[in-house]
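Enquirer: Next up, data-v9.txt (compact mmCIF, C-alpha atoms and all ligand atoms).
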```txt
# COMPACT_ATOMS: atom_id res chain seq x y z
CA MET R 1 0.00 0.00 0.00
CA HIS R 2 1.80 3.17 1.00
CA ALA R 3 5.39 2.25 0.43
CA ARG R 4 6.53 5.64 -0.81
CA SER R 5 7.66 6.88 2.58
CA ILE R 6 9.62 3.69 3.13
CA LEU R 7 11.25 3.94 -0.26
CA ALA R 8 12.25 7.51 0.53
CA ALA R 9 13.66 6.51 3.90
CA LEU R 10 15.57 3.58 2.44
CA ALA R 11 16.94 5.72 -0.36
CA ALA R 12 18.11 8.33 2.13
CA THR R 13 19.74 6.01 4.62
CA GLY R 14 19.97 2.49 3.20
CA PRO R 15 18.39 -0.36 5.11
CA ALA R 16 21.14 -0.37 7.74
CA GLY R 17 20.76 3.35 8.35
CA LEU R 18 17.02 3.01 8.67
CA THR R 19 17.43 0.19 11.15
CA ASN R 20 19.79 2.27 13.23
CA THR R 21 17.31 5.10 13.52
CA LEU R 22 14.72 2.83 15.06
CA SER R 23 14.47 0.94 18.30
CA THR R 24 15.84 -2.54 17.74
CA THR R 25 14.42 -4.24 20.80
CA ASP R 26 11.37 -6.41 20.39
CA LYS R 27 9.01 -5.56 23.19
CA THR R 28 7.17 -8.02 25.31
CA PRO R 29 3.63 -8.60 24.08
CA ILE R 30 1.20 -6.54 26.12
CA GLN R 31 -1.32 -9.31 26.39
CA GLN R 32 -1.45 -13.05 25.85
CA LEU R 33 -4.80 -14.37 24.72
CA THR R 34 -6.34 -17.81 24.59
CA VAL R 35 -6.59 -19.43 21.17
CA PRO R 36 -9.44 -21.66 20.03
CA PRO R 37 -8.84 -25.41 20.57
CA ALA R 38 -8.36 -26.03 16.83
CA LEU R 39 -5.30 -23.75 16.90
CA ALA R 40 -4.09 -24.69 20.38
CA GLN R 41 -3.67 -28.33 19.33
CA LEU R 42 -1.03 -27.14 16.84
CA GLY R 43 0.85 -25.34 19.59
CA ILE R 44 -0.24 -21.90 18.40
CA GLN R 45 -0.19 -18.98 20.83
CA ARG R 46 -1.86 -15.58 20.49
CA ALA R 47 -0.53 -12.22 21.63
CA ILE R 48 -1.27 -8.54 21.14
CA THR R 49 1.53 -6.03 20.65
CA ALA R 50 1.14 -2.28 20.45
CA SER R 51 3.10 0.34 18.51
CA GLY R 52 2.96 4.03 19.27
CA PRO R 53 1.92 6.42 20.54
CA PHE R 54 1.22 8.06 17.19
CA ALA R 55 -0.12 11.62 17.18
CA VAL R 56 -2.59 11.82 14.31
CA PRO R 57 -2.84 15.43 13.12
CA ALA R 58 -6.18 17.18 13.38
CA MET R 59 -8.20 17.84 10.27
CA VAL R 60 -7.98 21.47 9.10
CA ALA R 61 -11.30 22.99 8.10
CA ASN R 62 -10.14 24.67 4.85
CA ASP R 63 -7.45 22.17 3.79
CA THR R 64 -8.68 20.59 0.55
CA SER R 65 -5.71 18.22 0.11
CA ASP R 66 -6.00 14.43 0.05
CA ASN R 67 -3.92 14.06 3.18
CA ASN R 68 -5.83 16.49 5.40
CA GLY R 69 -5.92 14.91 8.86
CA MET R 70 -3.68 12.05 7.75
CA GLY R 71 -0.61 10.80 9.53
CA THR R 72 1.81 8.16 8.24
CA PHE R 73 3.81 6.36 10.89
CA GLN R 74 6.47 3.71 10.61
CA GLN R 75 8.59 1.88 13.09
CA LEU R 76 9.96 -1.57 13.71
CA ALA R 77 7.15 -4.00 14.31
CA ASP R 78 7.12 -5.49 17.80
CA LEU R 79 7.24 -9.18 17.06
CA PRO R 80 5.91 -11.81 19.47
CA CYS R 81 8.57 -14.34 18.44
CA ARG R 82 11.52 -15.11 16.19
CA ASP R 83 12.46 -18.29 14.32
CA CYS R 84 8.72 -18.82 14.27
CA TYR R 85 5.70 -18.89 12.02
CA ILE R 86 3.05 -16.19 12.10
CA THR R 87 -0.09 -18.19 11.46
CA GLY R 88 -2.73 -15.50 11.99
CA PHE R 89 -2.80 -11.75 12.06
CA SER R 90 -4.98 -8.64 12.42
CA PHE R 91 -4.53 -4.93 13.10
CA GLY R 92 -6.39 -2.73 15.57
CA VAL R 93 -6.25 0.90 16.69
CA ARG R 94 -6.73 2.04 20.27
CA TYR R 95 -6.65 5.30 22.13
CA GLY R 96 -3.57 5.78 24.22
CA ASP R 97 -4.88 5.36 27.71
CA GLY R 98 -4.77 2.52 30.16
CA PRO R 99 -1.78 0.42 31.21
CA ASN R 100 1.21 0.65 28.87
CA GLY R 101 -0.67 3.34 26.95
CA SER R 102 -2.22 0.78 24.70
CA ALA R 103 -5.16 -0.81 26.45
CA GLY R 104 -7.48 2.06 25.73
CA ALA R 105 -10.80 2.03 23.97
CA THR R 106 -11.04 1.02 20.33
CA ALA R 107 -10.38 3.96 18.02
CA ASN R 108 -12.62 3.80 14.98
CA ILE R 109 -14.64 5.98 12.65
CA ASP R 110 -17.50 6.52 15.13
CA THR R 111 -15.04 8.58 17.17
CA GLY R 112 -13.24 9.99 14.13
CA ILE R 113 -10.19 7.73 13.77
CA TYR R 114 -9.86 5.78 10.51
CA LEU R 115 -7.14 3.25 9.71
CA HIS R 116 -6.45 3.98 6.06
CA HIS R 117 -4.06 1.07 5.96
CA GLY R 118 -1.67 -0.84 8.09
CA VAL R 119 1.12 -2.78 6.39
CA LEU R 120 3.90 -5.05 7.59
CA ILE R 121 7.03 -4.99 5.46
CA ASN R 122 9.97 -7.39 5.60
CA ILE R 123 13.01 -5.45 4.37
CA ASN R 124 15.13 -8.62 4.11
CA ARG R 125 13.13 -10.15 1.28
CA THR R 126 11.99 -9.27 -2.22
CA ASP R 127 8.38 -9.00 -3.24
CA ALA R 128 6.61 -11.79 -5.15
CA THR R 129 4.85 -9.52 -7.64
CA CYS R 130 7.35 -6.68 -8.06
CA SER R 131 10.92 -7.51 -9.00
CA ALA R 132 13.79 -5.97 -7.06
CA ALA R 133 14.84 -4.19 -10.26
CA ASN R 134 11.46 -2.44 -10.31
CA GLY R 135 11.54 -1.46 -6.65
CA GLY R 136 10.30 -4.62 -4.98
CA ASN R 137 13.42 -5.03 -2.88
CA PHE R 138 11.38 -5.51 0.25
CA GLN R 139 8.37 -7.72 0.77
CA ARG R 140 4.88 -6.64 1.63
CA MET R 141 4.05 -9.18 4.28
CA PHE R 142 0.55 -8.29 5.45
CA GLY R 143 -1.88 -5.43 5.01
CA ALA R 144 -5.37 -4.37 5.97
CA GLY R 145 -7.64 -1.37 5.91
CA ASN R 146 -10.04 0.00 8.48
CA GLU R 147 -12.09 -3.22 8.40
CA ARG R 148 -9.19 -4.79 10.36
CA GLY R 149 -9.82 -8.33 9.15
CA TYR R 150 -8.25 -11.44 10.67
CA VAL R 151 -6.24 -13.77 8.41
CA ASP R 152 -5.73 -17.38 9.55
CA LEU R 153 -3.15 -19.25 7.45
CA THR R 154 -3.83 -22.56 9.19
CA LEU R 155 -7.40 -22.66 7.86
CA ASN R 156 -8.71 -23.16 11.38
CA GLY R 157 -6.00 -25.57 12.40
CA THR R 158 -6.22 -27.83 9.36
CA ARG R 159 -2.88 -26.74 7.82
CA ARG R 160 0.53 -26.26 9.38
CA ALA R 161 1.34 -23.10 7.48
CA GLY R 162 2.49 -19.63 8.42
CA TYR R 163 4.74 -16.72 7.54
CA TYR R 164 8.24 -17.63 8.74
CA ILE R 165 10.26 -14.94 10.53
CA ALA R 166 13.98 -15.60 10.92
CA GLU R 167 16.12 -14.44 13.86
CA ASP R 168 17.65 -11.51 12.01
CA GLU R 169 14.87 -10.23 9.77
CA VAL R 170 13.69 -6.65 10.06
CA ILE R 171 9.95 -6.11 9.86
CA LEU R 172 8.52 -2.61 9.63
CA LEU R 173 5.03 -1.57 10.58
CA VAL R 174 3.61 1.26 8.48
CA ALA R 175 0.27 2.77 9.39
CA GLU R 176 -1.61 5.52 7.66
CA ILE R 177 -4.22 6.87 10.03
CA MET R 178 -6.76 9.63 9.50
CA ASN R 179 -8.25 11.93 12.10
CA MET R 180 -11.69 13.08 10.96
CA GLN R 181 -11.96 15.73 13.68
CA VAL R 182 -10.76 19.32 13.76
CA GLY R 183 -9.01 20.56 16.89
CA ALA R 184 -5.99 18.90 18.45
CA PRO R 185 -3.93 15.91 17.24
CA ARG R 186 -4.98 12.66 18.87
CA GLU R 187 -2.74 9.93 20.23
CA VAL R 188 -3.41 6.37 19.18
CA TYR R 189 -1.66 3.03 19.29
CA VAL R 190 -1.69 0.51 16.45
CA THR R 191 -2.18 -2.93 17.89
CA ALA R 192 -1.31 -6.17 16.17
CA GLN R 193 -2.84 -9.49 17.14
CA TRP R 194 -0.51 -12.35 16.25
CA ASP R 195 -1.08 -16.09 16.17
CA TYR R 196 2.33 -17.75 16.20
CA VAL R 197 4.21 -20.96 16.78
CA GLN R 198 7.92 -21.51 17.32
CA ALA R 199 9.63 -23.33 14.46
CA PRO R 200 10.06 -26.98 15.46
CA LYS R 201 13.62 -27.95 16.30
CA ALA R 202 15.09 -31.20 15.06
CA ALA R 203 16.14 -31.99 18.63
CA ALA R 204 12.54 -31.92 19.72
CA SER R 205 11.94 -35.34 18.21
CA ALA R 206 14.52 -36.92 20.51
CA THR R 207 13.25 -35.31 23.68
CA THR R 208 9.56 -35.83 23.01
CA ASN R 209 10.07 -39.32 21.62
CA THR R 210 8.06 -38.61 18.50
CA THR R 211 9.11 -40.22 15.26
CA SER R 212 9.41 -36.98 13.30
CA VAL R 213 9.12 -33.25 13.68
CA GLU R 214 5.92 -31.82 12.31
CA ARG R 215 6.72 -29.78 9.26
CA TRP R 216 5.41 -26.28 8.86
CA SER R 217 5.08 -24.78 5.38
CA PRO R 218 6.31 -21.22 4.85
CA ALA R 219 3.62 -19.09 3.21
CA THR R 220 4.49 -16.45 0.64
CA PRO R 221 2.39 -13.28 0.44
CA VAL R 222 1.37 -12.22 -3.08
CA TRP R 223 -0.06 -8.75 -3.73
CA LEU R 224 -2.31 -8.36 -6.76
CA ASP R 225 -3.12 -4.74 -7.46
CA ILE R 226 -5.42 -2.85 -9.86
CA ASP R 227 -2.60 -0.26 -9.92
CA GLY R 228 -0.22 -2.83 -11.43
CA LEU R 229 2.26 -5.29 -10.04
CA CYS R 230 4.56 -2.58 -8.68
CA GLY R 231 1.79 -0.11 -7.83
CA SER R 232 2.68 0.15 -4.16
CA TYR R 233 6.29 0.92 -5.02
CA THR R 234 5.54 3.72 -7.46
CA ASN R 235 2.49 5.62 -6.26
CA GLY R 236 1.21 3.92 -3.13
CA SER R 237 -1.34 1.83 -5.10
CA GLU R 238 -3.65 4.82 -5.33
CA VAL R 239 -5.93 5.03 -8.36
CA ALA R 240 -7.92 8.15 -9.24
CA VAL R 241 -11.71 7.95 -9.43
CA PRO R 242 -12.74 8.59 -13.07
CA ALA R 243 -14.21 12.09 -13.44
CA GLY R 244 -17.99 12.23 -13.31
CA VAL R 245 -18.41 8.46 -13.00
CA GLU R 246 -20.10 6.85 -10.00
CA VAL R 247 -20.05 3.18 -11.03
CA PHE R 248 -16.82 1.74 -12.39
CA SER R 249 -14.52 -1.28 -12.31
CA TYR R 250 -10.74 -1.46 -12.56
CA SER R 251 -8.76 -4.58 -13.39
CA MET R 252 -5.13 -5.35 -12.91
CA PRO R 253 -3.40 -4.31 -16.15
CA VAL R 254 -1.07 -7.33 -16.37
CA ALA R 255 -1.80 -10.72 -14.82
CA TRP R 256 0.66 -12.42 -12.47
CA LYS R 257 2.02 -15.96 -12.70
CA PRO R 258 3.53 -17.91 -9.80
CA ASP R 259 7.24 -18.71 -10.17
CA GLY R 260 8.13 -21.79 -12.15
CA GLY R 261 10.94 -24.22 -11.44
CA PRO R 262 14.35 -24.44 -13.15
CA ASN R 263 14.49 -25.20 -16.88
CA GLY R 264 10.85 -24.32 -17.41
CA THR R 265 9.48 -26.94 -15.05
CA VAL R 266 6.07 -26.36 -13.54
CA ARG R 267 5.74 -25.70 -9.81
CA ASN R 268 2.65 -26.52 -7.77
CA TYR R 269 1.18 -24.42 -5.01
CA GLN R 270 -1.80 -24.21 -2.71
CA VAL R 271 -3.50 -20.87 -2.20
CA LEU R 272 -4.34 -20.78 1.49
CA VAL R 273 -6.15 -17.47 1.73
CA SER R 274 -7.38 -14.72 -0.56
CA ALA R 275 -7.93 -11.41 1.27
CA SER R 276 -8.86 -8.01 -0.20
CA HIS R 277 -8.22 -4.34 0.41
CA LEU R 278 -10.77 -1.82 -0.84
CA HIS R 279 -11.79 1.72 0.04
CA ASP R 280 -15.22 3.03 0.94
CA GLY R 281 -17.39 3.09 -2.18
CA ALA R 282 -16.35 -0.42 -3.20
CA ILE R 283 -18.80 -3.26 -3.70
CA GLN R 284 -16.26 -6.07 -4.01
CA LEU R 285 -12.89 -7.27 -5.26
CA ASP R 286 -12.93 -10.26 -7.59
CA THR R 287 -9.82 -12.43 -7.55
CA ALA R 288 -9.53 -14.50 -10.71
CA LYS R 289 -7.46 -17.46 -11.86
CA ASN R 290 -7.17 -17.74 -15.65
CA GLY R 291 -9.98 -15.21 -16.04
CA LYS R 292 -12.43 -17.07 -13.81
CA THR R 293 -13.40 -15.47 -10.48
CA ILE R 294 -12.62 -17.78 -7.62
CA CYS R 295 -12.99 -15.40 -4.71
CA GLU R 296 -15.47 -12.56 -4.33
CA GLY R 297 -14.25 -10.18 -1.67
CA VAL R 298 -17.61 -8.58 -0.92
CA ALA R 299 -17.54 -5.53 1.33
CA THR R 300 -19.91 -5.17 4.29
CA TYR R 301 -20.77 -1.66 5.47
CA GLY R 302 -21.61 -0.51 8.99
CA GLY R 303 -21.68 -4.02 10.44
CA SER R 304 -21.29 -2.65 13.96
CA PRO R 305 -21.69 0.82 15.50
CA GLU R 306 -17.97 1.70 15.46
CA TYR R 307 -18.09 1.64 11.64
CA ILE R 308 -20.78 4.32 11.45
CA SER R 309 -19.86 8.01 11.47
CA GLN R 310 -22.10 11.06 11.65
CA VAL R 311 -21.81 13.52 8.77
CA PRO R 312 -23.65 16.81 8.15
CA GLY R 313 -27.10 16.24 6.65
CA PRO R 314 -28.68 18.20 3.78
CA ASP R 315 -29.33 21.92 4.19
CA MET R 316 -32.64 23.12 5.57
CA PRO R 317 -35.02 24.27 2.81
CA GLY R 318 -34.14 27.78 1.71
CA MET R 319 -31.27 28.02 4.17
CA PRO R 320 -28.04 27.17 2.35
CA GLY R 321 -25.24 26.26 4.68
CA MET R 322 -27.65 25.41 7.52
CA SER R 323 -27.60 21.64 7.91
CA MET R 324 -30.68 19.81 9.14
CA GLY R 325 -28.34 17.91 11.44
CA PRO R 326 -26.05 14.92 11.31
CA VAL R 327 -26.90 11.77 9.38
CA PRO R 328 -25.23 8.37 9.73
CA LEU R 329 -22.69 7.25 7.12
CA THR R 330 -21.64 3.60 7.03
CA HIS R 331 -18.05 2.53 6.26
CA ILE R 332 -16.53 -0.82 5.28
CA SER R 333 -16.59 -3.05 8.37
CA ALA R 334 -15.65 -6.37 6.78
CA ILE R 335 -14.46 -7.77 3.47
CA HIS R 336 -15.18 -11.40 2.71
CA MET R 337 -12.01 -13.51 2.79
CA CYS R 338 -11.69 -16.88 1.04
CA SER R 339 -9.95 -19.73 2.84
CA GLY R 340 -8.65 -22.88 1.21
CA VAL R 341 -8.77 -21.29 -2.24
CA GLY R 342 -7.16 -24.35 -3.85
CA ALA R 343 -4.39 -25.47 -6.14
CA THR R 344 -2.44 -23.37 -8.60
CA THR R 345 0.65 -23.84 -10.73
CA SER R 346 3.22 -21.66 -12.42
CA SER R 347 1.12 -21.92 -15.60
CA ASP R 348 -1.85 -20.05 -14.08
CA GLU R 349 -2.56 -16.34 -14.47
CA TRP R 350 -3.93 -14.40 -11.51
CA SER R 351 -5.57 -10.98 -11.50
CA VAL R 352 -8.02 -8.83 -9.56
CA THR R 353 -10.90 -6.53 -10.50
CA ALA R 354 -12.30 -3.92 -8.11
CA HIS R 355 -15.95 -2.87 -8.46
CA TYR R 356 -16.98 0.51 -7.11
CA ASN R 357 -20.43 2.12 -6.83
CA LEU R 358 -20.19 5.56 -5.23
CA THR R 359 -23.97 5.98 -5.41
CA ALA R 360 -24.56 2.93 -3.25
CA HIS R 361 -21.73 3.81 -0.85
CA PRO R 362 -20.10 7.26 -0.83
CA GLY R 363 -16.33 7.20 -1.08
CA LEU R 364 -13.98 9.25 1.04
CA GLU R 365 -13.81 12.88 -0.08
CA THR R 366 -11.71 15.95 0.56
CA VAL R 367 -13.33 18.80 2.49
CA ASN R 368 -14.41 20.41 -0.80
CA GLY R 369 -16.08 17.23 -2.02
CA GLN R 370 -13.40 15.85 -4.36
CA ALA R 371 -13.20 12.05 -4.51
CA LYS R 372 -10.09 10.66 -2.88
CA PRO R 373 -8.11 7.98 -4.74
CA ILE R 374 -9.29 4.39 -4.35
CA MET R 375 -7.53 1.03 -4.17
CA GLY R 376 -8.11 -2.57 -5.12
CA ILE R 377 -5.63 -5.08 -3.77
CA GLY R 378 -5.84 -8.84 -3.45
CA LEU R 379 -3.53 -10.52 -0.94
CA LEU R 380 -2.91 -14.22 -1.52
CA PHE R 381 -0.86 -16.52 0.67
CA LEU R 382 0.73 -19.41 -1.22
CA VAL R 383 2.57 -22.51 -0.06
CA GLU R 384 4.55 -24.66 -2.44
CA VAL R 385 3.44 -28.30 -2.52
CU CU A 1 -5.91 1.70 0.82
```
Would you put the structure from the file into structure tokens?
Ligand SMILES: [Cu+2]
Expert:
Amino acid sequence: MHARSILAALAATGPAGLTNTLSTTDKTPIQQLTVPPALAQLGIQRAITASGPFAVPAMVANDTSDNNGMGTFQQLADLPCRDCYITGFSFGVRYGDGPNGSAGATANIDTGIYLHHGVLININRTDATCSAANGGNFQRMFGAGNERGYVDLTLNGTRRAGYYIAEDEVILLVAEIMNMQVGAPREVYVTAQWDYVQAPKAAASATTNTTSVERWSPATPVWLDIDGLCGSYTNGSEVAVPAGVEVFSYSMPVAWKPDGGPNGTVRNYQVLVSASHLHDGAIQLDTAKNGKTICEGVATYGGSPEYISQVPGPDMPGMPGMSMGPVPLTHISAIHMCSGVGATTSSDEWSVTAHYNLTAHPGLETVNGQAKPIMGIGLLFLVEV
């Protein structure tokens, strides 16, 4: 998603310089949670970490820019483990009160805080859909928007799969957060809920007397983007709303193929999960294999009260500028995720199409009513089989 600031920072300092400017200690998780039995039987643990505080600037009444009220924050992600697999993940945003400054109330659109996107980036790897030569010299690991969806790579405990994090890898957390209120900046924390399991050690088989160590499959994140395969690396994946058009669809310009083996051999994969990122105004993101939709990422609006904001209503008759009072506006609260998407090979072509209808669901706008750019991103997690 918004990788521009990272690119700028890396260009200015190099990865080592960037690392040195940040805290390098992984903090203790602020809270351990209980996992459902289906995950616990695989040895999975769950923890919440918190990054911040981040002071999100106040909205300025006469600022018509796209980034009015927006703050972009990046720091090292606080990881719950190393030499381990992240098997499930979600973002949250909280107000900075309570113990450790991070156990405050949920910060969402009903109180004027909107998570434009949160992204985890592994600077030690290259991206699956954007070559290093084209700027993909770090890997987008996970991302979500304000819907804050939960991804489970084990498919409810039926697969030993996760995103492997080595001892020495550097993972950045980037969050773009919007404050919809005028007045003072507001402090928030970005929380991350991690499901994780330590990588099995070969020695474990001797001490536990089992015949073999259970193998875990490393999952590879794959970003499919209506803005093109390197969209995040060039312009933050933002796509302009076509002028004067309320209903429109955008497809990925060039399809993506999974990597093949040496000498043109075919490789086989399983697609564990297909998740989607969309902005308000979207109906759904279709993820297609060889032109056939196999996951419909349908957006739900206003599924719970924290996803409903109050906006000025229409003017009173004959009294321009005098609103009749606030009216509710619903925002995306969930996007359907597909689990156990199925097999694919290096011969298959993958793409995404985002469908928007700004009449059905208003998009985000600047203070003078200009449509803000939209996005359409599909996030697949693949394991080689
Ligand atoms: Cu976005």
Enquirer: Distance atom CA of Gly297 of chain R-atom CA of Ala354 of chain R, one decimal place?
Expert: 9.2 Å
Enquirer: Would you mind listing, for every residue of chain R within 6 Å of ligand CU 1 (chain A), the two atoms forming the shortest contact and the distance between them in Å to one decimal, using all atoms listed in the file, sorted by chain and ascending residue number, as JSON lines?
Expert:
```
{"residue": "R:His116", "atom": "CA", "partner": "A:CU1", "partner_atom": "CU", "distance": 5.7}
{"residue": "R:His117", "atom": "CA", "partner": "A:CU1", "partner_atom": "CU", "distance": 5.5}
{"residue": "R:His279", "atom": "CA", "partner": "A:CU1", "partner_atom": "CU", "distance": 5.9}
{"residue": "R:Met375", "atom": "CA", "partner": "A:CU1", "partner_atom": "CU", "distance": 5.3}
```
Enquirer: I'd like the interatomic distance between atom CA of Thr330 of chain R and atom CA of Tyr301 of chain R, to a tenth of an Å.
Expert: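 Between atom CA of Thr330 of chain R and atom CA of Tyr301 of chain R the gap is 5.6 Å.
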Enquirer: May I ask for the distance between atom CA of Pro200 of chain R and atom CA of Leu79 of chain R, given in Å to one decimal place?
Expert: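 Between atom CA of Pro200 of chain R and atom CA of Leu79 of chain R the gap is 18.1 Å.
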Enquirer: Please provide as an MDAnalysis selection string all residues within 10 Å of segment 90-97 of chain R, with the sequence filter that same-chain residues fewer than 2 positions apart are discarded (counting only C-alpha atoms).
Expert: chainID R and resid 48:55 88 99:108 113:115 117:119 142:152 175 177 186:195
Enquirer: Could you please give me, as a count of residues only, the residues of protein, DNA or RNA lying at most 7 Å from (4.5, -4.8, -4.2) in the coordinate frame of the file, considering all atoms listed in the file?
Expert: 12
Enquirer: Counting only C-alpha atoms, which of R:Leu224, R:Val241, R:Ile171, R:Leu380 gets nearest to Gln270 of chain R?
Expert: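 Ranked by minimum distance to Gln270 of chain R, first place goes to R:Leu380.
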Enquirer: Pick the closest to Thr111 of chain R from R:Asn156, R:Thr220, R:Ser309, R:Gln74: which is it, counting all atoms listed in the file?
Expert: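 Closest residue, counting all atoms listed in the file: R:Ser309.
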Enquirer: Determine the nearest neighbour of His361 of chain R from the options R:Glu246, R:Glu167, R:Asp227, R:Asp63, counting all atoms listed in the file.
Expert: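 Selected residue with least distance to His361 of chain R: R:Glu246.
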Enquirer: Could you check the closest approach to Thr366 of chain R for each of R:Met59, R:Glu306, R:Gly244, R:Gly157 and tell me which residue wins, using only C-alpha atoms?
Expert: R:Met59
Enquirer: What lies within 8 Å of Gly71 of chain R using all atoms listed in the file, ignoring chain neighbours under 4 positions off, as a list in words?
Expert: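 Listed by chain and then number, they are Ala55, Val56, Pro57, Asn67, Glu176, Ile177 and Met178 of chain R.
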Enquirer: What lies within 8 Å of Leu272 of chain R using all atoms listed in the file, ignoring chain neighbours under 5 positions off, as JSON, numbers by chain?
Expert: {"R": [153, 154, 155, 339, 340, 341, 342, 380, 381, 382, 383]}
Enquirer: From the set R:Trp350, R:Tyr269, R:Tyr307, R:Tyr196, which residue has the shortest atom-to-atom contact distance to Glu384 of chain R, counting only C-alpha atoms?
Expert: R:Tyr269
Enquirer: Using all atoms listed in the file, which of R:Ile44, R:Leu364, R:Leu329, R:Ala288 sits nearest Met252 of chain R?
Expert: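 The answer is R:Ala288, which sits nearest to Met252 of chain R.
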Enquirer: Could you pull out every residue with an atom within 8 Å of (-5.7, -15.8, -12.8), file coordinates, counting only C-alpha atoms, and send them as a list in words?
Expert: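 Protein and nucleic acid residues near the point are Ala255, Trp256, Lys257, Thr287, Ala288, Lys289, Asn290, Gly291, Lys292, Asp348, Glu349, Trp350 and Ser351 of chain R.
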Enquirer: Quick one: everything within 8 Å of Ala199 of chain R, counting all atoms listed in the file, minus sequence neighbours fewer than 4 positions away in the same chain. Send it as a list in words.
Expert: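 Result of the neighbour search: Asp83, Cys84, Tyr85 and Trp216 of chain R.
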Enquirer: N, CA and C atoms are what I want for segment 135-153 of chain R; can you complete it accordingly and write them as a PDB file, keeping the file's coordinate frame?
Expert:
```pdb
ATOM      1  N   GLY R 135      11.820  -2.080  -7.944  1.00  0.00           N
ATOM      2  CA  GLY R 135      11.540  -1.460  -6.650  1.00  0.00           C
ATOM      3  C   GLY R 135      11.060  -2.410  -5.584  1.00  0.00           C
ATOM      4  N   GLY R 136      10.847  -3.682  -5.961  1.00  0.00           N
ATOM      5  CA  GLY R 136      10.300  -4.620  -4.980  1.00  0.00           C
ATOM      6  C   GLY R 136      11.351  -5.255  -4.107  1.00  0.00           C
ATOM      7  N   ASN R 137      12.326  -4.469  -3.673  1.00  0.00           N
ATOM      8  CA  ASN R 137      13.420  -5.030  -2.880  1.00  0.00           C
ATOM      9  C   ASN R 137      13.116  -5.054  -1.391  1.00  0.00           C
ATOM     10  N   PHE R 138      11.839  -5.094  -1.065  1.00  0.00           N
ATOM     11  CA  PHE R 138      11.380  -5.510   0.250  1.00  0.00           C
ATOM     12  C   PHE R 138      10.023  -6.151   0.035  1.00  0.00           C
ATOM     13  N   GLN R 139       9.574  -6.917   0.987  1.00  0.00           N
ATOM     14  CA  GLN R 139       8.370  -7.720   0.770  1.00  0.00           C
ATOM     15  C   GLN R 139       7.212  -7.209   1.604  1.00  0.00           C
ATOM     16  N   ARG R 140       6.115  -6.953   0.917  1.00  0.00           N
ATOM     17  CA  ARG R 140       4.880  -6.640   1.630  1.00  0.00           C
ATOM     18  C   ARG R 140       4.373  -7.941   2.252  1.00  0.00           C
ATOM     19  N   MET R 141       4.306  -7.941   3.547  1.00  0.00           N
ATOM     20  CA  MET R 141       4.050  -9.180   4.280  1.00  0.00           C
ATOM     21  C   MET R 141       2.574  -9.333   4.632  1.00  0.00           C
ATOM     22  N   PHE R 142       1.970  -8.254   5.077  1.00  0.00           N
ATOM     23  CA  PHE R 142       0.550  -8.290   5.450  1.00  0.00           C
ATOM     24  C   PHE R 142       0.004  -6.871   5.369  1.00  0.00           C
ATOM     25  N   GLY R 143      -1.265  -6.743   5.033  1.00  0.00           N
ATOM     26  CA  GLY R 143      -1.880  -5.430   5.010  1.00  0.00           C
ATOM     27  C   GLY R 143      -3.365  -5.526   5.262  1.00  0.00           C
ATOM     28  N   ALA R 144      -3.931  -4.427   5.756  1.00  0.00           N
ATOM     29  CA  ALA R 144      -5.370  -4.370   5.970  1.00  0.00           C
ATOM     30  C   ALA R 144      -5.803  -2.919   6.003  1.00  0.00           C
ATOM     31  N   GLY R 145      -7.066  -2.701   5.795  1.00  0.00           N
ATOM     32  CA  GLY R 145      -7.640  -1.370   5.910  1.00  0.00           C
ATOM     33  C   GLY R 145      -8.423  -1.250   7.208  1.00  0.00           C
ATOM     34  N   ASN R 146      -9.334  -0.284   7.233  1.00  0.00           N
ATOM     35  CA  ASN R 146     -10.040   0.000   8.480  1.00  0.00           C
ATOM     36  C   ASN R 146     -10.943  -1.150   8.926  1.00  0.00           C
ATOM     37  N   GLU R 147     -11.259  -2.075   7.991  1.00  0.00           N
ATOM     38  CA  GLU R 147     -12.090  -3.220   8.400  1.00  0.00           C
ATOM     39  C   GLU R 147     -11.347  -4.137   9.367  1.00  0.00           C
ATOM     40  N   ARG R 148     -10.006  -4.106   9.360  1.00  0.00           N
ATOM     41  CA  ARG R 148      -9.190  -4.790  10.360  1.00  0.00           C
ATOM     42  C   ARG R 148      -9.446  -6.294  10.409  1.00  0.00           C
ATOM     43  N   GLY R 149      -9.469  -6.916   9.236  1.00  0.00           N
ATOM     44  CA  GLY R 149      -9.820  -8.330   9.150  1.00  0.00           C
ATOM     45  C   GLY R 149      -8.730  -9.249   9.675  1.00  0.00           C
ATOM     46  N   TYR R 150      -9.145 -10.421  10.099  1.00  0.00           N
ATOM     47  CA  TYR R 150      -8.250 -11.440  10.670  1.00  0.00           C
ATOM     48  C   TYR R 150      -7.962 -12.504   9.615  1.00  0.00           C
ATOM     49  N   VAL R 151      -6.664 -12.726   9.348  1.00  0.00           N
ATOM     50  CA  VAL R 151      -6.240 -13.770   8.410  1.00  0.00           C
ATOM     51  C   VAL R 151      -5.714 -14.950   9.212  1.00  0.00           C
ATOM     52  N   ASP R 152      -6.177 -16.151   8.884  1.00  0.00           N
ATOM     53  CA  ASP R 152      -5.730 -17.380   9.550  1.00  0.00           C
ATOM     54  C   ASP R 152      -5.146 -18.309   8.490  1.00  0.00           C
ATOM     55  N   LEU R 153      -3.811 -18.444   8.483  1.00  0.00           N
ATOM     56  CA  LEU R 153      -3.150 -19.250   7.450  1.00  0.00           C
ATOM     57  C   LEU R 153      -3.233 -20.748   7.720  1.00  0.00           C
TER      58      LEU R 153
END
```
